[in-house]
$ cat work_38.cif   # mmCIF, N, CA and C atoms
data_my_file
loop_
_atom_site.label_atom_id
_atom_site.label_comp_id
_atom_site.auth_asym_id
_atom_site.auth_seq_id
_atom_site.Cartn_x
_atom_site.Cartn_y
_atom_site.Cartn_z
N MET K 1 214.87 -6.71 99.85
CA MET K 1 214.64 -5.32 99.57
C MET K 1 214.17 -5.12 98.13
N ALA K 2 214.58 -5.99 97.21
CA ALA K 2 214.22 -5.86 95.80
C ALA K 2 212.72 -6.06 95.59
N THR K 3 212.06 -6.82 96.46
CA THR K 3 210.63 -7.07 96.29
C THR K 3 209.80 -5.82 96.53
N ARG K 4 210.27 -4.87 97.34
CA ARG K 4 209.54 -3.63 97.57
C ARG K 4 209.37 -2.84 96.27
N ALA K 5 210.29 -2.99 95.36
CA ALA K 5 210.20 -2.28 94.08
C ALA K 5 209.02 -2.80 93.25
N LEU K 6 208.56 -4.02 93.55
CA LEU K 6 207.45 -4.60 92.80
C LEU K 6 206.08 -4.15 93.32
N ILE K 7 206.03 -3.52 94.49
CA ILE K 7 204.77 -3.08 95.07
C ILE K 7 204.32 -1.80 94.38
N PRO K 8 203.10 -1.82 93.81
CA PRO K 8 202.62 -0.62 93.11
C PRO K 8 202.43 0.54 94.08
N ALA K 9 202.62 1.75 93.57
CA ALA K 9 202.48 2.95 94.40
C ALA K 9 201.05 3.09 94.92
N ALA K 10 200.08 2.54 94.19
CA ALA K 10 198.68 2.68 94.57
C ALA K 10 198.22 1.59 95.56
N ALA K 11 199.13 0.80 96.06
CA ALA K 11 198.77 -0.27 97.01
C ALA K 11 198.22 0.35 98.29
N PRO K 12 197.17 -0.26 98.84
CA PRO K 12 196.61 0.27 100.09
C PRO K 12 197.65 0.24 101.21
N LYS K 13 197.74 1.35 101.91
CA LYS K 13 198.77 1.45 102.95
C LYS K 13 198.28 0.97 104.30
N THR K 14 196.98 1.05 104.56
CA THR K 14 196.45 0.61 105.84
C THR K 14 195.46 -0.52 105.62
N TYR K 15 195.20 -1.27 106.70
CA TYR K 15 194.22 -2.34 106.60
C TYR K 15 192.83 -1.78 106.28
N ALA K 16 192.47 -0.66 106.88
CA ALA K 16 191.16 -0.04 106.64
C ALA K 16 190.99 0.31 105.17
N GLU K 17 192.04 0.85 104.57
CA GLU K 17 191.98 1.20 103.15
C GLU K 17 191.88 -0.08 102.29
N LEU K 18 192.64 -1.10 102.66
CA LEU K 18 192.58 -2.38 101.96
C LEU K 18 191.16 -2.94 102.00
N LYS K 19 190.58 -2.98 103.20
CA LYS K 19 189.24 -3.52 103.38
C LYS K 19 188.23 -2.74 102.52
N ARG K 20 188.30 -1.41 102.56
CA ARG K 20 187.39 -0.58 101.79
C ARG K 20 187.52 -0.85 100.29
N ARG K 21 188.74 -0.94 99.80
CA ARG K 21 188.96 -1.13 98.37
C ARG K 21 188.57 -2.54 97.91
N VAL K 22 188.84 -3.54 98.74
CA VAL K 22 188.42 -4.91 98.39
C VAL K 22 186.90 -4.99 98.36
N GLU K 23 186.26 -4.41 99.37
CA GLU K 23 184.79 -4.40 99.40
C GLU K 23 184.22 -3.70 98.17
N GLU K 24 184.81 -2.59 97.82
CA GLU K 24 184.39 -1.83 96.63
C GLU K 24 184.56 -2.68 95.37
N ALA K 25 185.68 -3.37 95.26
CA ALA K 25 185.93 -4.23 94.09
C ALA K 25 184.92 -5.37 94.01
N LEU K 26 184.63 -5.98 95.16
CA LEU K 26 183.65 -7.07 95.19
C LEU K 26 182.26 -6.60 94.80
N LEU K 27 181.85 -5.46 95.34
CA LEU K 27 180.52 -4.93 95.02
C LEU K 27 180.41 -4.55 93.55
N THR K 28 181.45 -3.97 93.01
CA THR K 28 181.46 -3.62 91.59
C THR K 28 181.33 -4.88 90.74
N GLY K 29 182.06 -5.90 91.11
CA GLY K 29 181.98 -7.17 90.38
C GLY K 29 180.59 -7.79 90.46
N GLN K 30 180.00 -7.76 91.65
CA GLN K 30 178.65 -8.32 91.82
C GLN K 30 177.63 -7.56 90.99
N ARG K 31 177.75 -6.24 90.94
CA ARG K 31 176.83 -5.44 90.12
C ARG K 31 176.96 -5.80 88.64
N ARG K 32 178.20 -5.96 88.20
CA ARG K 32 178.43 -6.32 86.79
C ARG K 32 177.87 -7.70 86.46
N VAL K 33 178.05 -8.64 87.38
CA VAL K 33 177.51 -9.99 87.17
C VAL K 33 175.99 -9.94 87.09
N GLU K 34 175.35 -9.20 87.98
CA GLU K 34 173.89 -9.09 87.97
C GLU K 34 173.39 -8.42 86.70
N ALA K 35 174.08 -7.36 86.27
CA ALA K 35 173.69 -6.67 85.03
C ALA K 35 173.80 -7.63 83.84
N ALA K 36 174.87 -8.41 83.82
CA ALA K 36 175.05 -9.39 82.74
C ALA K 36 173.98 -10.47 82.80
N ARG K 37 173.60 -10.90 84.00
CA ARG K 37 172.57 -11.91 84.16
C ARG K 37 171.23 -11.39 83.61
N VAL K 38 170.88 -10.16 83.96
CA VAL K 38 169.62 -9.58 83.48
C VAL K 38 169.62 -9.52 81.96
N LEU K 39 170.70 -9.01 81.37
CA LEU K 39 170.76 -8.91 79.90
C LEU K 39 170.78 -10.28 79.23
N THR K 40 171.46 -11.24 79.83
CA THR K 40 171.51 -12.60 79.29
C THR K 40 170.13 -13.24 79.29
N TYR K 41 169.41 -13.14 80.40
CA TYR K 41 168.08 -13.74 80.49
C TYR K 41 167.08 -13.01 79.60
N PHE K 42 167.25 -11.69 79.46
CA PHE K 42 166.38 -10.95 78.55
C PHE K 42 166.60 -11.45 77.11
N GLU K 43 167.84 -11.53 76.70
CA GLU K 43 168.15 -11.96 75.32
C GLU K 43 167.71 -13.40 75.10
N THR K 44 167.87 -14.26 76.09
CA THR K 44 167.40 -15.64 75.99
C THR K 44 165.90 -15.68 75.75
N GLY K 45 165.15 -14.92 76.54
CA GLY K 45 163.70 -14.87 76.38
C GLY K 45 163.29 -14.28 75.05
N ARG K 46 163.99 -13.24 74.62
CA ARG K 46 163.67 -12.60 73.33
C ARG K 46 163.87 -13.58 72.18
N LEU K 47 164.96 -14.32 72.21
CA LEU K 47 165.24 -15.29 71.14
C LEU K 47 164.18 -16.41 71.11
N ILE K 48 163.86 -16.94 72.27
CA ILE K 48 162.86 -18.01 72.33
C ILE K 48 161.50 -17.49 71.85
N ASN K 49 161.10 -16.32 72.33
CA ASN K 49 159.80 -15.76 71.93
C ASN K 49 159.74 -15.53 70.42
N ALA K 50 160.81 -15.01 69.85
CA ALA K 50 160.84 -14.77 68.40
C ALA K 50 160.74 -16.09 67.63
N HIS K 51 161.44 -17.10 68.09
CA HIS K 51 161.40 -18.41 67.43
C HIS K 51 160.00 -19.03 67.52
N VAL K 52 159.40 -18.97 68.69
CA VAL K 52 158.07 -19.54 68.87
C VAL K 52 157.05 -18.78 68.02
N LEU K 53 157.21 -17.47 67.92
CA LEU K 53 156.30 -16.66 67.10
C LEU K 53 156.35 -17.08 65.64
N LEU K 54 157.53 -17.45 65.16
CA LEU K 54 157.66 -17.93 63.78
C LEU K 54 156.91 -19.24 63.55
N ASN K 55 156.69 -19.98 64.61
CA ASN K 55 156.03 -21.28 64.53
C ASN K 55 154.70 -21.29 65.26
N GLU K 56 154.03 -20.14 65.31
CA GLU K 56 152.81 -20.00 66.12
C GLU K 56 151.64 -20.84 65.62
N GLU K 57 151.71 -21.31 64.36
CA GLU K 57 150.60 -22.14 63.85
C GLU K 57 150.54 -23.49 64.55
N ARG K 58 151.62 -23.87 65.18
CA ARG K 58 151.65 -25.13 65.92
C ARG K 58 151.41 -24.82 67.40
N ALA K 59 150.23 -25.11 67.87
CA ALA K 59 149.76 -24.68 69.18
C ALA K 59 150.68 -25.06 70.34
N SER K 60 151.18 -26.25 70.36
CA SER K 60 151.98 -26.71 71.51
C SER K 60 153.48 -26.53 71.29
N TYR K 61 153.86 -25.86 70.20
CA TYR K 61 155.28 -25.76 69.86
C TYR K 61 156.09 -25.06 70.95
N GLY K 62 155.55 -23.98 71.52
CA GLY K 62 156.28 -23.23 72.55
C GLY K 62 156.66 -24.10 73.73
N SER K 63 155.73 -24.90 74.19
CA SER K 63 155.98 -25.78 75.31
C SER K 63 157.03 -26.83 74.93
N GLN K 64 156.93 -27.33 73.71
CA GLN K 64 157.91 -28.33 73.24
C GLN K 64 159.31 -27.73 73.16
N VAL K 65 159.39 -26.48 72.70
CA VAL K 65 160.69 -25.82 72.58
C VAL K 65 161.32 -25.67 73.96
N LEU K 66 160.55 -25.24 74.93
CA LEU K 66 161.09 -25.08 76.28
C LEU K 66 161.58 -26.41 76.84
N ASP K 67 160.78 -27.45 76.64
CA ASP K 67 161.18 -28.78 77.12
C ASP K 67 162.48 -29.24 76.47
N ARG K 68 162.55 -29.07 75.15
CA ARG K 68 163.73 -29.54 74.42
C ARG K 68 164.98 -28.73 74.77
N LEU K 69 164.82 -27.40 74.82
CA LEU K 69 165.96 -26.56 75.20
C LEU K 69 166.45 -26.90 76.61
N ALA K 70 165.52 -27.08 77.51
CA ALA K 70 165.88 -27.41 78.90
C ALA K 70 166.70 -28.70 78.93
N ARG K 71 166.26 -29.67 78.17
CA ARG K 71 166.97 -30.96 78.13
C ARG K 71 168.33 -30.80 77.44
N ASP K 72 168.34 -30.16 76.27
CA ASP K 72 169.58 -30.05 75.49
C ASP K 72 170.63 -29.17 76.15
N LEU K 73 170.20 -28.09 76.82
CA LEU K 73 171.13 -27.15 77.42
C LEU K 73 171.34 -27.39 78.91
N GLN K 74 170.64 -28.38 79.43
CA GLN K 74 170.71 -28.72 80.86
C GLN K 74 170.47 -27.50 81.74
N ILE K 75 169.34 -26.84 81.46
CA ILE K 75 168.91 -25.69 82.23
C ILE K 75 167.46 -25.93 82.63
N ALA K 76 167.06 -25.42 83.74
CA ALA K 76 165.70 -25.67 84.22
C ALA K 76 164.67 -25.06 83.27
N ARG K 77 163.65 -25.82 82.98
CA ARG K 77 162.56 -25.33 82.12
C ARG K 77 161.94 -24.07 82.72
N THR K 78 161.83 -24.04 84.03
CA THR K 78 161.27 -22.88 84.72
C THR K 78 162.08 -21.62 84.42
N THR K 79 163.39 -21.76 84.42
CA THR K 79 164.24 -20.60 84.11
C THR K 79 163.99 -20.11 82.69
N LEU K 80 163.88 -21.03 81.75
CA LEU K 80 163.61 -20.64 80.37
C LEU K 80 162.24 -19.96 80.25
N TYR K 81 161.26 -20.51 80.95
CA TYR K 81 159.93 -19.90 80.94
C TYR K 81 160.00 -18.48 81.52
N GLN K 82 160.72 -18.32 82.62
CA GLN K 82 160.85 -17.00 83.23
C GLN K 82 161.54 -16.01 82.28
N CYS K 83 162.49 -16.50 81.51
CA CYS K 83 163.16 -15.64 80.52
C CYS K 83 162.18 -15.17 79.46
N THR K 84 161.33 -16.07 78.98
CA THR K 84 160.36 -15.68 77.95
C THR K 84 159.35 -14.69 78.51
N GLN K 85 158.92 -14.93 79.73
CA GLN K 85 157.97 -14.03 80.39
C GLN K 85 158.62 -12.66 80.59
N PHE K 86 159.83 -12.63 81.03
CA PHE K 86 160.58 -11.39 81.25
C PHE K 86 160.67 -10.58 79.96
N ALA K 87 161.04 -11.22 78.86
CA ALA K 87 161.17 -10.51 77.58
C ALA K 87 159.82 -10.00 77.08
N ARG K 88 158.74 -10.72 77.37
CA ARG K 88 157.40 -10.26 76.97
C ARG K 88 156.95 -9.06 77.80
N TYR K 89 157.15 -9.14 79.10
CA TYR K 89 156.68 -8.09 80.00
C TYR K 89 157.55 -6.84 79.96
N PHE K 90 158.82 -7.00 79.66
CA PHE K 90 159.76 -5.89 79.64
C PHE K 90 160.50 -5.87 78.31
N PRO K 91 159.84 -5.40 77.25
CA PRO K 91 160.46 -5.43 75.92
C PRO K 91 161.70 -4.55 75.80
N ILE K 92 161.85 -3.61 76.72
CA ILE K 92 163.05 -2.77 76.75
C ILE K 92 163.64 -2.85 78.15
N VAL K 93 164.89 -3.26 78.22
CA VAL K 93 165.57 -3.37 79.51
C VAL K 93 166.71 -2.37 79.52
N ARG K 94 166.71 -1.53 80.55
CA ARG K 94 167.78 -0.54 80.68
C ARG K 94 169.04 -1.20 81.20
N HIS K 95 170.15 -0.95 80.53
CA HIS K 95 171.44 -1.46 81.00
C HIS K 95 171.84 -0.68 82.25
N GLY K 96 172.25 -1.39 83.27
CA GLY K 96 172.69 -0.74 84.50
C GLY K 96 171.54 -0.26 85.37
N GLY K 97 170.35 -0.87 85.19
CA GLY K 97 169.21 -0.50 86.01
C GLY K 97 169.40 -0.92 87.46
N GLN K 98 168.48 -0.51 88.30
CA GLN K 98 168.60 -0.79 89.73
C GLN K 98 168.09 -2.18 90.10
N LEU K 99 167.35 -2.81 89.21
CA LEU K 99 166.77 -4.11 89.55
C LEU K 99 167.69 -5.25 89.14
N ILE K 100 167.66 -6.31 89.93
CA ILE K 100 168.44 -7.50 89.62
C ILE K 100 167.47 -8.58 89.14
N TRP K 101 168.02 -9.71 88.69
CA TRP K 101 167.20 -10.78 88.13
C TRP K 101 166.14 -11.26 89.12
N ALA K 102 166.50 -11.38 90.38
CA ALA K 102 165.54 -11.84 91.39
C ALA K 102 164.34 -10.90 91.47
N HIS K 103 164.58 -9.59 91.33
CA HIS K 103 163.47 -8.63 91.34
C HIS K 103 162.56 -8.86 90.14
N TYR K 104 163.16 -8.96 88.96
CA TYR K 104 162.36 -9.16 87.74
C TYR K 104 161.56 -10.46 87.82
N ARG K 105 162.19 -11.50 88.34
CA ARG K 105 161.48 -12.79 88.47
C ARG K 105 160.23 -12.64 89.31
N LEU K 106 160.34 -11.93 90.41
CA LEU K 106 159.18 -11.71 91.29
C LEU K 106 158.14 -10.81 90.63
N ILE K 107 158.59 -9.75 89.99
CA ILE K 107 157.67 -8.80 89.36
C ILE K 107 156.91 -9.47 88.21
N CYS K 108 157.55 -10.39 87.51
CA CYS K 108 156.88 -11.10 86.41
C CYS K 108 155.72 -11.96 86.90
N GLN K 109 155.67 -12.26 88.17
CA GLN K 109 154.58 -13.06 88.71
C GLN K 109 153.30 -12.23 88.91
N ILE K 110 153.42 -10.92 88.80
CA ILE K 110 152.27 -10.03 88.98
C ILE K 110 151.49 -9.97 87.68
N GLU K 111 150.22 -10.31 87.73
CA GLU K 111 149.37 -10.36 86.54
C GLU K 111 149.08 -8.97 85.96
N ASP K 112 148.85 -7.99 86.84
CA ASP K 112 148.45 -6.65 86.42
C ASP K 112 149.63 -5.88 85.83
N GLY K 113 149.55 -5.57 84.53
CA GLY K 113 150.64 -4.87 83.84
C GLY K 113 150.91 -3.49 84.41
N ALA K 114 149.86 -2.77 84.81
CA ALA K 114 150.04 -1.43 85.38
C ALA K 114 150.79 -1.51 86.71
N GLN K 115 150.47 -2.51 87.50
CA GLN K 115 151.15 -2.67 88.78
C GLN K 115 152.62 -3.04 88.56
N ARG K 116 152.87 -3.89 87.57
CA ARG K 116 154.26 -4.25 87.24
C ARG K 116 155.03 -3.00 86.84
N LYS K 117 154.42 -2.18 85.98
CA LYS K 117 155.08 -0.96 85.49
C LYS K 117 155.39 -0.02 86.65
N GLU K 118 154.46 0.11 87.56
CA GLU K 118 154.66 0.98 88.72
C GLU K 118 155.85 0.51 89.56
N LEU K 119 156.00 -0.80 89.70
CA LEU K 119 157.08 -1.35 90.52
C LEU K 119 158.46 -1.13 89.91
N VAL K 120 158.55 -1.00 88.61
CA VAL K 120 159.86 -0.82 87.98
C VAL K 120 160.13 0.62 87.58
N ASP K 121 159.19 1.53 87.84
CA ASP K 121 159.38 2.94 87.53
C ASP K 121 160.53 3.49 88.38
N PRO K 122 161.57 4.07 87.74
CA PRO K 122 162.73 4.56 88.49
C PRO K 122 162.38 5.57 89.58
N GLU K 123 161.40 6.42 89.33
CA GLU K 123 161.01 7.40 90.35
C GLU K 123 160.37 6.71 91.55
N GLU K 124 159.57 5.68 91.28
CA GLU K 124 158.95 4.93 92.37
C GLU K 124 160.01 4.20 93.20
N ILE K 125 160.97 3.62 92.52
CA ILE K 125 162.04 2.91 93.22
C ILE K 125 162.82 3.87 94.11
N ALA K 126 163.15 5.05 93.57
CA ALA K 126 163.90 6.04 94.34
C ALA K 126 163.13 6.51 95.56
N SER K 127 161.82 6.64 95.42
CA SER K 127 161.01 7.12 96.54
C SER K 127 160.92 6.09 97.67
N ARG K 128 161.10 4.80 97.34
CA ARG K 128 161.04 3.75 98.35
C ARG K 128 162.37 3.53 99.05
N CYS K 129 163.44 4.03 98.47
CA CYS K 129 164.78 3.79 99.06
C CYS K 129 165.11 4.81 100.12
#

$ encode --input "work_38.cif" --output "structure tokens"
Amino acid sequence: MATRALIPAAAPKTYAELKRRVEEALLTGQRRVEAARVLTYFETGRLINAHVLLNEERASYGSQVLDRLARDLQIARTTLYQCTQFARYFPIVRHGGQLIWAHYRLICQIEDGAQRKELVDPEEIASRC
């Protein structure tokens, strides 16, 4: 009987309520992880781009930096390249935006800047949902 005193008053009383709240907690966590991933990859790309810009007189330096970072940090060179591309194409990233990293990765493959901008426009996104 003493263990009942340890149960918080806000504990879900029914299975349906438990399921709803667990699902809500999981989705909230996933959104936070995705938001952190987007900001992390943006900052990674921004740092690499700034460093390469400081050494722009050396033509192949950017490629060498990506190769070396990939090796030293044990991360795919492609991921690092995508980060640099992301930071170039999207110099301002809104925190808590609707797009996840997978969306940005795909949008960065589009050559036309106007088309990329249209795809990330919040009003355009809302109209497609």

$ closest_residue --input "work_38.cif" --among "K:Val65, K:Tyr89, K:Ile7, K:Glu43" --to "Gly113 (chain K)" --atoms "all atoms listed in the file"
K:Tyr89

$ atom_distance --input "work_38.cif" --atom1 "CA of Trp101 (chain K)" --atom2 "CA of Val38 (chain K)"
5.4 Å

$ residues_around --input "work_38.cif" --residues "Phe42 (chain K)" --least-positions-apart "4" --cutoff "12 Å" --atoms "only C-alpha atoms" --output "PyMOL selection string"
chain K and resi 35-38+46-49+79-95+100-101+104-105

$ atom_distance --input "work_38.cif" --atom1 "CA of Arg32 (chain K)" --atom2 "atom N of Leu99 (chain K)"
11.9 Å

$ select_by_dssp --input "work_38.cif" --residues "region 16-128 of chain K" --states "alpha helix (DSSP H)" --output "count of residues only"
87

$ atom_distance --input "work_38.cif" --atom1 "atom N of Ile75 (chain K)" --atom2 "atom N of Ile107 (chain K)"
21.9 Å

$ axis_aligned_box --input "work_38.cif" --around "region 54-62 of chain K" --padding-each-side "6 Å" --output "lines of an AutoDock Vina configuration file"
center_x = 153.7
center_y = -22.1
center_z = 68.6
size_x = 19.9
size_y = 21.3
size_z = 22.2
